[in-house]
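So this one's data32.txt, compact mmCIF, C-alpha atoms:
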```
# COMPACT_ATOMS: atom_id res chain seq x y z
CA MET A 1 0.00 0.00 0.00
CA GLY A 2 1.16 3.53 -0.75
CA ARG A 3 1.91 5.96 2.00
CA ASP A 4 -1.19 7.96 2.98
CA GLU A 5 -0.74 11.67 2.19
CA THR A 6 -2.15 12.63 5.58
CA GLU A 7 0.86 11.03 7.24
CA THR A 8 2.96 14.01 6.13
CA TYR A 9 0.73 16.45 8.01
CA ILE A 10 2.26 17.93 11.13
CA THR A 11 0.25 18.58 14.28
CA VAL A 12 1.50 21.47 16.39
CA PRO A 13 1.62 20.53 20.11
CA THR A 14 -1.03 22.56 21.94
CA PHE A 15 1.36 23.88 24.58
CA PHE A 16 3.57 25.36 21.80
CA LYS A 17 0.73 27.70 20.81
CA CYS A 18 0.10 31.10 22.34
CA PRO A 19 -3.33 31.10 24.08
CA ILE A 20 -4.03 34.53 22.54
CA SER A 21 -2.88 34.26 18.91
CA LEU A 22 -3.01 30.43 18.71
CA ASP A 23 0.21 30.62 16.68
CA VAL A 24 3.42 28.80 17.55
CA MET A 25 5.25 30.99 20.08
CA ARG A 26 8.50 32.61 19.01
CA SER A 27 9.31 34.28 22.32
CA PRO A 28 7.45 32.46 25.10
CA VAL A 29 7.12 34.35 28.39
CA SER A 30 5.23 33.41 31.57
CA LEU A 31 3.00 35.54 33.79
CA CYS A 32 2.85 35.20 37.56
CA THR A 33 -0.19 32.91 37.03
CA GLY A 34 2.09 30.34 35.38
CA VAL A 35 0.47 30.67 31.96
CA THR A 36 2.87 31.16 29.04
CA TYR A 37 2.17 33.48 26.09
CA ASP A 38 4.05 34.76 23.06
CA ARG A 39 5.65 38.03 24.13
CA PRO A 40 4.13 40.33 21.42
CA SER A 41 0.61 39.05 22.13
CA ILE A 42 0.66 39.38 25.89
CA GLN A 43 2.50 42.72 25.69
CA ARG A 44 -0.34 44.14 23.55
CA TRP A 45 -2.83 42.82 26.09
CA LEU A 46 -1.06 44.50 28.98
CA ASP A 47 -0.41 47.71 27.04
CA GLY A 48 -4.16 47.90 26.46
CA GLY A 49 -4.63 48.55 30.17
CA ASN A 50 -5.64 45.01 31.16
CA ASN A 51 -4.55 43.69 34.57
CA THR A 52 -5.75 40.11 34.28
CA CYS A 53 -4.40 36.88 32.82
CA PRO A 54 -6.25 36.35 29.50
CA ALA A 55 -6.50 32.57 29.95
CA THR A 56 -7.55 32.43 33.62
CA MET A 57 -8.87 36.00 34.08
CA GLN A 58 -7.05 36.13 37.43
CA ILE A 59 -5.98 39.59 38.57
CA LEU A 60 -2.23 39.92 38.12
CA LYS A 61 -0.21 40.69 41.24
CA SER A 62 2.73 41.45 38.95
CA LYS A 63 2.98 42.25 35.25
CA ASP A 64 6.54 40.96 34.96
CA LEU A 65 7.16 38.73 31.94
CA VAL A 66 9.57 35.86 32.64
CA PRO A 67 11.17 34.19 29.56
CA ASN A 68 10.30 30.50 29.42
CA LEU A 69 13.66 29.29 28.12
CA THR A 70 12.86 25.60 28.52
CA LEU A 71 9.77 25.88 26.35
CA GLN A 72 11.67 28.01 23.84
CA ARG A 73 14.32 25.25 23.47
CA LEU A 74 11.59 22.63 23.02
CA ILE A 75 9.86 24.70 20.33
CA LYS A 76 13.15 25.23 18.51
CA ALA A 77 13.98 21.51 18.60
CA TRP A 78 10.49 20.68 17.35
CA SER A 79 10.69 23.32 14.58
CA ASP A 80 14.05 21.95 13.41
CA SER A 81 12.71 18.40 13.29
CA VAL A 82 9.61 19.54 11.41
CA GLY A 83 11.76 21.36 8.89
CA ASN A 84 13.86 18.28 8.25
CA SER A 85 10.98 15.78 8.04
CA ALA A 86 8.81 18.04 5.89
CA ALA A 87 11.51 18.86 3.33
CA GLY A 88 10.15 18.13 -0.13
CA SER A 89 6.66 17.30 1.19
CA PRO A 90 3.50 19.43 0.98
CA ASP A 91 3.43 22.22 3.56
CA PRO A 92 0.56 21.38 5.96
CA ALA A 93 -1.85 24.09 7.05
CA SER A 94 -0.84 23.75 10.70
CA ALA A 95 2.81 24.40 9.87
CA ARG A 96 1.79 27.52 7.95
CA GLY A 97 -0.09 28.93 10.92
CA ILE A 98 -3.54 28.09 9.51
CA PRO A 99 -5.95 27.22 12.34
CA THR A 100 -8.12 24.12 12.21
CA MET A 101 -11.91 24.25 12.02
CA GLU A 102 -12.15 23.37 15.69
CA GLU A 103 -9.78 26.19 16.58
CA VAL A 104 -11.80 28.61 14.46
CA LYS A 105 -14.99 27.58 16.26
CA GLY A 106 -13.29 28.47 19.51
CA SER A 107 -12.00 31.72 18.02
CA LEU A 108 -15.52 32.73 16.96
CA THR A 109 -16.86 32.07 20.44
CA ARG A 110 -14.08 34.12 21.93
CA LEU A 111 -14.54 36.89 19.37
CA SER A 112 -18.19 37.26 20.35
CA GLN A 113 -17.18 37.79 23.99
CA GLU A 114 -13.90 39.69 23.65
CA LYS A 115 -13.89 43.47 24.19
CA ASP A 116 -10.19 44.24 23.82
CA ASP A 117 -9.48 45.47 20.27
CA GLU A 118 -5.94 44.11 20.12
CA ILE A 119 -7.10 40.62 21.02
CA ARG A 120 -9.97 40.85 18.54
CA LEU A 121 -7.47 41.91 15.89
CA GLU A 122 -5.37 38.81 16.61
CA ILE A 123 -8.41 36.54 16.43
CA MET A 124 -9.76 38.04 13.21
CA SER A 125 -6.35 37.91 11.54
CA ARG A 126 -6.32 34.18 12.18
CA ILE A 127 -9.85 33.80 10.81
CA VAL A 128 -8.76 35.67 7.67
CA ARG A 129 -5.84 33.29 7.19
CA PHE A 130 -8.22 30.36 7.67
CA VAL A 131 -10.88 31.55 5.22
CA LYS A 132 -8.34 32.47 2.53
CA ASP A 133 -6.59 29.09 2.76
CA SER A 134 -9.22 27.02 0.93
CA GLU A 135 -12.68 27.09 -0.57
CA ALA A 136 -13.79 24.47 1.96
CA ASN A 137 -12.89 26.85 4.77
CA GLY A 138 -15.01 29.54 3.15
CA GLU A 139 -17.94 27.12 2.88
CA PHE A 140 -17.51 26.23 6.54
CA LEU A 141 -17.65 29.86 7.68
CA SER A 142 -20.54 30.76 5.38
CA GLY A 143 -22.59 28.09 7.12
CA ARG A 144 -22.09 29.67 10.55
CA GLU A 145 -25.34 31.41 11.47
CA ASP A 146 -23.64 33.63 14.03
CA LEU A 147 -20.84 34.94 11.82
CA VAL A 148 -22.56 37.49 9.56
CA PRO A 149 -24.32 39.34 12.43
CA MET A 150 -21.04 39.36 14.35
CA LEU A 151 -19.14 40.84 11.38
CA VAL A 152 -21.84 43.45 10.76
CA ASP A 153 -21.65 44.47 14.40
CA ILE A 154 -17.87 44.85 14.11
CA ILE A 155 -18.23 46.95 10.94
CA THR A 156 -20.79 49.15 12.69
CA THR A 157 -18.97 49.71 15.97
CA ALA A 158 -15.26 48.88 15.71
CA LYS A 159 -12.13 50.76 14.68
CA ILE A 160 -11.01 50.85 11.05
CA LYS A 161 -8.47 47.98 11.31
CA LEU A 162 -11.16 45.60 12.55
CA VAL A 163 -13.64 46.94 10.01
CA LEU A 164 -11.27 46.14 7.14
CA LEU A 165 -10.78 42.57 8.37
CA ALA A 166 -14.55 42.08 8.80
CA ILE A 167 -15.15 43.32 5.24
CA LYS A 168 -12.40 41.00 3.95
CA ILE A 169 -14.10 37.99 5.52
CA LEU A 170 -17.53 39.05 4.24
CA ASP A 171 -16.17 39.52 0.72
CA ILE A 172 -15.12 35.86 0.70
CA ILE A 173 -18.02 34.15 2.44
CA ILE A 174 -20.95 36.21 1.19
CA LYS A 175 -20.49 34.81 -2.31
CA LYS A 176 -21.78 31.57 -0.88
CA GLY A 177 -25.24 33.02 -0.11
CA ASN A 178 -26.84 35.04 2.68
CA GLU A 179 -27.09 38.15 0.44
CA GLU A 180 -30.58 39.11 1.59
CA ARG A 181 -29.72 38.56 5.24
CA LEU A 182 -26.58 40.67 4.91
CA SER A 183 -28.52 43.44 3.18
CA ASN A 184 -31.14 43.52 5.94
CA LEU A 185 -28.49 43.65 8.65
CA MET A 186 -26.38 46.33 7.01
CA LEU A 187 -29.08 48.67 5.73
CA THR A 188 -31.39 48.76 8.77
CA ASN A 189 -29.04 50.24 11.35
CA GLY A 190 -29.38 53.92 10.53
CA GLY A 191 -26.58 53.92 7.96
CA ASP A 192 -23.70 53.20 10.36
CA CYS A 193 -22.57 50.22 8.29
CA LEU A 194 -22.54 52.22 5.07
CA THR A 195 -20.55 54.95 6.82
CA ALA A 196 -17.94 52.38 7.85
CA ILE A 197 -17.77 50.84 4.37
CA LEU A 198 -17.40 54.29 2.82
CA LEU A 199 -14.52 54.91 5.22
CA ALA A 200 -12.93 51.64 4.05
CA ILE A 201 -13.17 52.80 0.43
CA GLN A 202 -11.67 56.17 1.33
CA ARG A 203 -8.90 55.06 3.70
CA GLY A 204 -8.22 51.40 2.94
CA ASP A 205 -5.43 50.09 0.75
CA LEU A 206 -6.22 48.93 -2.79
CA GLU A 207 -7.29 45.43 -1.74
CA SER A 208 -9.55 46.79 1.01
CA LYS A 209 -11.18 49.28 -1.39
CA ILE A 210 -11.99 46.50 -3.86
CA GLU A 211 -13.38 44.25 -1.12
CA ALA A 212 -15.59 47.03 0.26
CA VAL A 213 -16.98 47.82 -3.21
CA ARG A 214 -17.71 44.13 -3.84
CA VAL A 215 -19.59 43.80 -0.55
CA LEU A 216 -21.74 46.81 -1.53
CA GLU A 217 -22.45 45.19 -4.89
CA VAL A 218 -23.70 42.03 -3.19
CA ILE A 219 -26.02 44.10 -0.99
CA SER A 220 -27.29 46.10 -3.96
CA THR A 221 -28.48 43.02 -5.87
CA VAL A 222 -31.20 42.21 -3.32
CA ASP A 223 -33.85 44.73 -4.40
CA THR A 224 -34.49 48.25 -5.72
CA LYS A 225 -34.66 49.68 -2.21
CA SER A 226 -31.14 48.52 -1.40
CA LYS A 227 -29.86 50.13 -4.60
CA MET A 228 -31.42 53.45 -3.64
CA ILE A 229 -30.12 53.36 -0.07
CA ILE A 230 -26.56 52.81 -1.32
CA ALA A 231 -26.82 55.43 -4.06
CA GLU A 232 -28.29 58.06 -1.75
CA ARG A 233 -25.69 57.58 0.97
CA ASP A 234 -23.57 60.73 0.91
CA GLY A 235 -20.14 60.08 -0.52
CA ILE A 236 -20.56 56.60 -2.00
CA LEU A 237 -21.35 57.63 -5.59
CA THR A 238 -18.61 60.26 -5.42
CA GLU A 239 -16.02 57.65 -4.40
CA LEU A 240 -17.19 55.15 -7.01
CA ILE A 241 -17.00 57.69 -9.82
CA ARG A 242 -13.57 58.80 -8.59
CA SER A 243 -12.47 55.14 -8.67
CA ILE A 244 -13.20 54.70 -12.39
CA ASP A 245 -10.53 57.21 -13.34
CA THR A 246 -8.10 55.90 -15.97
CA VAL A 247 -5.20 56.22 -13.52
CA SER A 248 -6.86 53.84 -11.03
CA ASP A 249 -5.97 50.18 -10.74
CA PRO A 250 -7.92 48.10 -13.35
CA SER A 251 -9.26 45.77 -10.65
CA LEU A 252 -10.68 48.73 -8.71
CA ILE A 253 -12.15 50.22 -11.89
CA GLU A 254 -13.79 46.88 -12.71
CA ALA A 255 -15.25 46.44 -9.22
CA SER A 256 -16.56 50.03 -9.18
CA LEU A 257 -18.13 49.68 -12.64
CA SER A 258 -19.84 46.44 -11.54
CA LEU A 259 -21.42 48.21 -8.58
CA LEU A 260 -22.43 51.22 -10.69
CA ILE A 261 -24.09 48.89 -13.20
CA ALA A 262 -25.95 47.12 -10.39
CA ILE A 263 -27.36 50.28 -8.81
CA ALA A 264 -28.00 52.01 -12.16
CA LYS A 265 -30.89 49.64 -12.81
CA SER A 266 -32.92 52.13 -10.76
CA LYS A 267 -34.11 55.10 -12.86
CA ARG A 268 -33.48 57.58 -10.05
CA VAL A 269 -29.91 56.37 -9.69
CA ARG A 270 -29.32 56.76 -13.44
CA SER A 271 -30.23 60.42 -13.19
CA LYS A 272 -27.82 60.84 -10.27
CA LEU A 273 -24.99 59.18 -12.21
CA ILE A 274 -25.57 61.32 -15.28
CA ALA A 275 -25.66 64.51 -13.19
CA ALA A 276 -22.39 63.45 -11.53
CA LYS A 277 -20.64 63.33 -14.95
CA THR A 278 -20.12 59.56 -14.90
CA ILE A 279 -20.33 59.48 -18.69
CA THR A 280 -17.25 61.72 -18.95
CA LYS A 281 -15.28 59.18 -16.91
CA VAL A 282 -16.50 56.31 -19.10
CA LYS A 283 -15.58 58.27 -22.24
CA ASP A 284 -12.03 58.70 -20.92
CA ILE A 285 -11.77 54.94 -20.43
CA LEU A 286 -12.95 54.25 -23.99
CA LEU A 287 -10.58 56.81 -25.54
CA THR A 288 -7.48 56.17 -23.45
CA GLU A 289 -4.39 54.79 -25.15
CA GLU A 290 -3.41 52.99 -21.93
CA THR A 291 -3.94 49.23 -21.71
CA ILE A 292 -7.44 48.58 -20.37
CA THR A 293 -8.67 45.08 -19.55
CA VAL A 294 -11.42 43.43 -21.55
CA ALA A 295 -13.68 43.34 -18.48
CA VAL A 296 -13.26 47.07 -17.85
CA THR A 297 -14.12 47.90 -21.47
CA GLU A 298 -17.16 45.61 -21.47
CA LYS A 299 -18.48 47.08 -18.24
CA SER A 300 -17.81 50.65 -19.36
CA LEU A 301 -19.93 50.06 -22.45
CA LYS A 302 -22.59 48.25 -20.43
CA LEU A 303 -22.88 51.22 -18.06
CA LEU A 304 -23.03 53.60 -21.03
CA GLU A 305 -25.79 51.48 -22.56
CA ILE A 306 -27.83 51.71 -19.34
CA LEU A 307 -27.35 55.49 -19.08
CA SER A 308 -28.36 55.95 -22.75
CA SER A 309 -31.93 55.05 -21.75
CA LYS A 310 -32.26 58.56 -20.28
CA ARG A 311 -32.56 61.63 -22.53
CA GLU A 312 -29.96 63.56 -20.53
CA GLY A 313 -27.68 60.53 -20.78
CA ARG A 314 -27.94 60.44 -24.56
CA SER A 315 -27.23 64.14 -24.68
CA GLU A 316 -24.02 63.63 -22.67
CA ILE A 317 -22.94 60.70 -24.88
CA CYS A 318 -23.36 62.80 -28.02
CA GLU A 319 -20.86 65.36 -26.74
CA GLY A 320 -17.09 65.40 -26.33
CA GLY A 321 -15.91 62.35 -28.25
CA CYS A 322 -17.88 59.64 -26.47
CA VAL A 323 -19.40 58.32 -29.71
CA GLU A 324 -15.90 58.00 -31.22
CA GLY A 325 -14.93 55.92 -28.20
CA VAL A 326 -17.91 53.62 -28.71
CA VAL A 327 -17.20 53.12 -32.43
CA LYS A 328 -13.53 52.54 -31.62
CA LYS A 329 -14.42 49.47 -29.54
CA LEU A 330 -16.53 47.82 -32.25
CA LEU A 331 -14.98 44.43 -33.14
CA LYS A 332 -11.77 45.27 -31.26
CA VAL A 333 -12.33 43.89 -27.75
CA SER A 334 -14.85 41.06 -27.50
CA THR A 335 -18.27 39.99 -28.73
CA THR A 336 -19.84 41.32 -25.53
CA ALA A 337 -18.20 44.73 -25.95
CA THR A 338 -19.30 44.88 -29.60
CA GLU A 339 -22.90 44.07 -28.67
CA HIS A 340 -23.00 46.83 -26.06
CA ALA A 341 -21.46 49.29 -28.54
CA VAL A 342 -23.96 48.44 -31.29
CA THR A 343 -26.85 48.78 -28.83
CA ILE A 344 -25.68 52.26 -27.80
CA LEU A 345 -25.37 53.42 -31.43
CA TRP A 346 -28.74 51.88 -32.30
CA CYS A 347 -30.33 53.75 -29.40
CA LEU A 348 -28.78 57.06 -30.49
CA CYS A 349 -29.25 56.80 -34.27
CA HIS A 350 -32.26 54.55 -34.85
CA VAL A 351 -34.57 54.78 -31.85
CA PHE A 352 -34.37 58.40 -30.71
CA LYS A 353 -32.50 60.27 -33.49
CA GLU A 354 -32.14 63.36 -31.31
CA ASP A 355 -28.74 64.49 -32.60
CA LYS A 356 -27.94 64.13 -36.31
CA THR A 357 -24.25 64.82 -35.68
CA VAL A 358 -23.98 61.32 -34.20
CA GLU A 359 -24.55 59.78 -37.64
CA GLU A 360 -21.79 61.92 -39.11
CA THR A 361 -19.46 60.89 -36.29
CA VAL A 362 -20.16 57.18 -36.85
CA GLU A 363 -19.50 57.52 -40.62
CA ARG A 364 -16.34 59.56 -40.03
CA SER A 365 -15.05 56.96 -37.54
CA ASN A 366 -15.33 54.13 -40.08
CA GLY A 367 -18.41 52.85 -38.27
CA VAL A 368 -20.25 51.77 -41.43
CA THR A 369 -17.55 49.29 -42.44
CA LYS A 370 -17.50 47.85 -38.95
CA LEU A 371 -21.28 47.52 -38.84
CA LEU A 372 -21.24 45.61 -42.13
CA VAL A 373 -18.83 43.14 -40.55
CA VAL A 374 -20.99 42.92 -37.40
CA ILE A 375 -23.87 41.65 -39.57
CA GLN A 376 -21.83 38.53 -40.35
CA SER A 377 -20.21 38.20 -36.93
CA ASN A 378 -21.10 35.81 -34.11
CA CYS A 379 -23.08 38.49 -32.31
CA SER A 380 -26.65 37.67 -31.32
CA PRO A 381 -29.38 37.83 -34.02
CA MET A 382 -30.91 40.86 -32.29
CA VAL A 383 -27.62 42.79 -32.41
CA ARG A 384 -27.04 41.85 -36.05
CA GLN A 385 -30.51 43.24 -36.83
CA MET A 386 -29.60 46.43 -34.96
CA ALA A 387 -26.51 46.73 -37.18
CA LYS A 388 -28.72 46.44 -40.29
CA ASP A 389 -31.05 49.12 -38.92
CA LEU A 390 -28.07 51.39 -38.34
CA ILE A 391 -26.74 50.92 -41.86
CA LYS A 392 -30.13 51.94 -43.26
CA VAL A 393 -30.24 55.01 -41.04
CA LEU A 394 -26.72 55.97 -42.05
CA LYS A 395 -27.90 55.97 -45.69
CA VAL A 396 -25.19 53.73 -47.03
CA LYS A 397 -24.98 54.01 -50.83
CA SER A 398 -25.06 50.27 -51.33
CA SER A 399 -27.13 48.31 -53.79
CA ALA A 400 -29.76 45.92 -52.60
CA SER A 401 -27.69 43.02 -53.90
CA ALA A 402 -24.68 44.11 -51.89
CA LEU A 403 -26.68 44.17 -48.70
CA ALA A 404 -28.31 40.86 -49.66
CA ALA A 405 -24.86 39.29 -49.65
CA TYR A 406 -24.67 39.95 -45.94
CA GLU A 407 -27.83 37.91 -45.37
CA THR A 408 -25.94 34.69 -46.12
CA LYS A 409 -23.94 32.64 -43.67
CA THR A 410 -20.75 33.29 -45.61
CA THR A 411 -18.52 36.15 -44.50
CA HIS A 412 -18.06 38.75 -47.24
CA ILE A 413 -15.79 41.64 -46.36
CA MET A 414 -15.72 44.18 -49.16
CA PRO A 415 -13.07 46.89 -49.52
CA PHE A 416 -14.50 50.36 -48.86
```

Show the structure stored in the file as structure tokens.
Amino acid sequence: MGRDETETYITVPTFFKCPISLDVMRSPVSLCTGVTYDRPSIQRWLDGGNNTCPATMQILKSKDLVPNLTLQRLIKAWSDSVGNSAAGSPDPASARGIPTMEEVKGSLTRLSQEKDDEIRLEIMSRIVRFVKDSEANGEFLSGREDLVPMLVDIITTAKIKLVLLAIKILDIIIKKGNEERLSNLMLTNGGDCLTAILLAIQRGDLESKIEAVRVLEVISTVDTKSKMIIAERDGILTELIRSIDTVSDPSLIEASLSLLIAIAKSKRVRSKLIAAKTITKVKDILLTEETITVAVTEKSLKLLEILSSKREGRSEICEGGCVEGVVKKLLKVSTTATEHAVTILWCLCHVFKEDKTVEETVERSNGVTKLLVVIQSNCSPMVRQMAKDLIKVLKVKSSASALAAYETKTTHIMPF
């Protein structure tokens, strides 16, 4: 029989772990109660004004920290043996400081009772490492009924460092479900949660900004009311529109566009976005010479398509080079991007026909040639019909037989 893979896993002796951080101790020190902790963890506890032993809750007669040299030698000997035996074998979660499910259960119980921010920070950091380690860990946490309310409470009441960790955990587990429950918890507390999330977008690092935006998107998908609450919260739309600047990170632009698309399904929100000059930002993305991801381009065009349903939105699109940007993306990015672009042009030139200069811009930008190719592309039948409608509107001087050629399944690309 072959050696079982689980035999290579390494179990960390319990007494090697700090009772606070649950990590292997690097600098073990003992309190007067006889309990040993890792020095950084217990020092933070004491510096926080506590005068009790975290494990026993006994009042400390002395706050002296006595190095536990014997335990330190044992940990070192164990670490050396682990390093030698594990060479060339898969690195087990325990050796990487990833807590087990049982340890996380205990951490969650402790988190619900703990009041000291430094200790809570230690606990949540471990939970983050756990949930990021595997999809199974995320599934495990998403099934915990007590976790989402606990995280929402932290977001509502805690300091920014804890808020960012709570949002990070939510961003991972909320994809597994609980969207409606999360929305109800976060949007029915007088706006404190949204204030905290806005602060995360404003003050967090890039990863934290993206996570906060994604959590808002999940909340917004529940119903129209949730979209309006998010859109009407002072500062959120401003930050989202600022985030879709061409100098922003593409991942942040993509996340922000996704949220804007989600909330723009409400007519009132569309008017707010148009008034806030969102279309100008989208135009800059379409016209930039910088490398923009396919997803960013697709979502930019999707948002533009949504905003073109409003008269003031169409008016904005017709000004300042936005139409050139739309035509530029025809057949150059992806089928999805092309379909959004054709839909925007069809809306402007065929359905509403409010600005005749758009037709001239499309012709000048080589749009007619591209639309002829779209007719024979793998776009949906509806979009191919839109392209035919546009060609008729643009008064192409083509014979009926030439256009008939594009009705066949064979691709005919004529030189123009």

Could you give me, as a PDB file with C-alpha atoms, in the frame of the given file, the residues that have an atom at most 12 Å away from the point (-25.1, 61.2, -38.7) in the coordinates of the file, using only C-alpha atoms?
```pdb
ATOM      1  CA  CYS A 318     -23.360  62.800 -28.020  1.00  0.00           C
ATOM      2  CA  VAL A 323     -19.400  58.320 -29.710  1.00  0.00           C
ATOM      3  CA  LEU A 345     -25.370  53.420 -31.430  1.00  0.00           C
ATOM      4  CA  TRP A 346     -28.740  51.880 -32.300  1.00  0.00           C
ATOM      5  CA  LEU A 348     -28.780  57.060 -30.490  1.00  0.00           C
ATOM      6  CA  CYS A 349     -29.250  56.800 -34.270  1.00  0.00           C
ATOM      7  CA  HIS A 350     -32.260  54.550 -34.850  1.00  0.00           C
ATOM      8  CA  LYS A 353     -32.500  60.270 -33.490  1.00  0.00           C
ATOM      9  CA  GLU A 354     -32.140  63.360 -31.310  1.00  0.00           C
ATOM     10  CA  ASP A 355     -28.740  64.490 -32.600  1.00  0.00           C
ATOM     11  CA  LYS A 356     -27.940  64.130 -36.310  1.00  0.00           C
ATOM     12  CA  THR A 357     -24.250  64.820 -35.680  1.00  0.00           C
ATOM     13  CA  VAL A 358     -23.980  61.320 -34.200  1.00  0.00           C
ATOM     14  CA  GLU A 359     -24.550  59.780 -37.640  1.00  0.00           C
ATOM     15  CA  GLU A 360     -21.790  61.920 -39.110  1.00  0.00           C
ATOM     16  CA  THR A 361     -19.460  60.890 -36.290  1.00  0.00           C
ATOM     17  CA  VAL A 362     -20.160  57.180 -36.850  1.00  0.00           C
ATOM     18  CA  GLU A 363     -19.500  57.520 -40.620  1.00  0.00           C
ATOM     19  CA  ARG A 364     -16.340  59.560 -40.030  1.00  0.00           C
ATOM     20  CA  SER A 365     -15.050  56.960 -37.540  1.00  0.00           C
ATOM     21  CA  GLY A 367     -18.410  52.850 -38.270  1.00  0.00           C
ATOM     22  CA  VAL A 368     -20.250  51.770 -41.430  1.00  0.00           C
ATOM     23  CA  LEU A 390     -28.070  51.390 -38.340  1.00  0.00           C
ATOM     24  CA  ILE A 391     -26.740  50.920 -41.860  1.00  0.00           C
ATOM     25  CA  LYS A 392     -30.130  51.940 -43.260  1.00  0.00           C
ATOM     26  CA  VAL A 393     -30.240  55.010 -41.040  1.00  0.00           C
ATOM     27  CA  LEU A 394     -26.720  55.970 -42.050  1.00  0.00           C
ATOM     28  CA  LYS A 395     -27.900  55.970 -45.690  1.00  0.00           C
ATOM     29  CA  VAL A 396     -25.190  53.730 -47.030  1.00  0.00           C
TER      30      VAL A 396
END
```

Can you tell me, as number ranges by chain, what residues are no more than 8 Å from Cys193 (chain A) when counting only C-alpha atoms, ignoring any on the same chain fewer than 6 positions away?
A: 152, 155-156, 186-187

Generate the output file for the selected residues, C-alpha atoms, as a compact mmCIF listing (two decimals), keeping the file's coordinate frame.
```txt
# COMPACT_ATOMS: atom_id res chain seq x y z
CA VAL A 152 -21.84 43.45 10.76
CA ILE A 155 -18.23 46.95 10.94
CA THR A 156 -20.79 49.15 12.69
CA MET A 186 -26.38 46.33 7.01
CA LEU A 187 -29.08 48.67 5.73
```

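Separating CA of Val218 (chain A) from CA of Glu179 (chain A) is a distance of 6.3 Å.
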
By how many Å are CA of Ser21 (chain A) and CA of Ala158 (chain A) apart?
19.4 Å

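With CA of Met228 (chain A) on one side and CA of Leu185 (chain A) on the other, the separation reads 16.0 Å.
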
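Distances to Ile317 (chain A) were evaluated for A:Asp146, A:Asp205, A:Asp284, A:Glu298 using all atoms listed in the file, and the minimum falls at A:Asp284.
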
Residues within 8 Å of Lys302 (chain A), please, as a tab-separated table (two decimals) with C-alpha atoms, keeping the file's coordinate frame. Count all atoms listed in the file; anything in the same chain fewer than 5 positions from it doesn't count.
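So result_24.tsv came out as:
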```
chain	number	residue	atom	x	y	z
A	261	ILE	CA	-24.09	48.89	-13.20
A	337	ALA	CA	-18.20	44.73	-25.95
A	340	HIS	CA	-23.00	46.83	-26.06
```

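With all atoms listed in the file as the basis for measurement, A:Leu22 is the residue among A:Ser62, A:Met57, A:Leu22, A:Asp234 that approaches Ile127 (chain A) most closely.
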
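In terms of minimum interatomic distance to Thr109 (chain A), A:Ile123 ranks closest within A:Val66, A:Ile123, A:Ile279, A:Ser142, counting all atoms listed in the file.
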
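The residue that comes closest to Lys277 (chain A), out of A:Leu304, A:Val222, A:Val342, A:Met382 and on the basis of only C-alpha atoms, is A:Leu304.
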
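Nearest-residue note for Leu303 (chain A): choosing from A:Thr335, A:Ser256, A:Gln43, A:Thr36, the minimum distance belongs to A:Ser256, counting all atoms listed in the file.
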
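Nearest residue to Ile241 (chain A), choosing from A:Val282, A:Val215, A:Leu162, A:Thr221 and counting all atoms listed in the file: A:Val282.
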
Set the distance at 8 Å and use only C-alpha atoms: which residues neighbour Pro250 (chain A) once local chain neighbours fewer than 2 positions away are removed? I'd like the list as a PDB file with C-alpha atoms, in the coordinates of the input.
```
ATOM      1  CA  SER A 248      -6.860  53.840 -11.030  1.00  0.00           C
ATOM      2  CA  LEU A 252     -10.680  48.730  -8.710  1.00  0.00           C
ATOM      3  CA  ILE A 253     -12.150  50.220 -11.890  1.00  0.00           C
ATOM      4  CA  GLU A 254     -13.790  46.880 -12.710  1.00  0.00           C
ATOM      5  CA  ILE A 292      -7.440  48.580 -20.370  1.00  0.00           C
ATOM      6  CA  THR A 293      -8.670  45.080 -19.550  1.00  0.00           C
ATOM      7  CA  VAL A 296     -13.260  47.070 -17.850  1.00  0.00           C
TER       8      VAL A 296
END
```

Starting from the block above, write region 237-242 of chain A out to a file with N, CA, C and O atoms, as a PDB file, in the first residue's frame, please.
```pdb
ATOM      1  N   LEU A 237     -21.431  57.427  -4.138  1.00  0.00           N
ATOM      2  CA  LEU A 237     -21.346  57.628  -5.591  1.00  0.00           C
ATOM      3  C   LEU A 237     -20.104  58.428  -5.958  1.00  0.00           C
ATOM      4  O   LEU A 237     -19.437  58.139  -6.952  1.00  0.00           O
ATOM      5  N   THR A 238     -19.792  59.435  -5.156  1.00  0.00           N
ATOM      6  CA  THR A 238     -18.606  60.256  -5.422  1.00  0.00           C
ATOM      7  C   THR A 238     -17.344  59.406  -5.447  1.00  0.00           C
ATOM      8  O   THR A 238     -16.496  59.537  -6.351  1.00  0.00           O
ATOM      9  N   GLU A 239     -17.204  58.511  -4.467  1.00  0.00           N
ATOM     10  CA  GLU A 239     -16.021  57.651  -4.396  1.00  0.00           C
ATOM     11  C   GLU A 239     -15.981  56.652  -5.553  1.00  0.00           C
ATOM     12  O   GLU A 239     -14.914  56.376  -6.111  1.00  0.00           O
ATOM     13  N   LEU A 240     -17.142  56.116  -5.913  1.00  0.00           N
ATOM     14  CA  LEU A 240     -17.187  55.149  -7.005  1.00  0.00           C
ATOM     15  C   LEU A 240     -16.802  55.795  -8.332  1.00  0.00           C
ATOM     16  O   LEU A 240     -16.038  55.222  -9.123  1.00  0.00           O
ATOM     17  N   ILE A 241     -17.323  56.985  -8.565  1.00  0.00           N
ATOM     18  CA  ILE A 241     -17.005  57.689  -9.816  1.00  0.00           C
ATOM     19  C   ILE A 241     -15.533  58.085  -9.836  1.00  0.00           C
ATOM     20  O   ILE A 241     -14.865  58.011 -10.877  1.00  0.00           O
ATOM     21  N   ARG A 242     -15.000  58.478  -8.683  1.00  0.00           N
ATOM     22  CA  ARG A 242     -13.571  58.799  -8.594  1.00  0.00           C
ATOM     23  C   ARG A 242     -12.728  57.552  -8.892  1.00  0.00           C
ATOM     24  O   ARG A 242     -11.650  57.636  -9.488  1.00  0.00           O
TER      25      ARG A 242
END
```
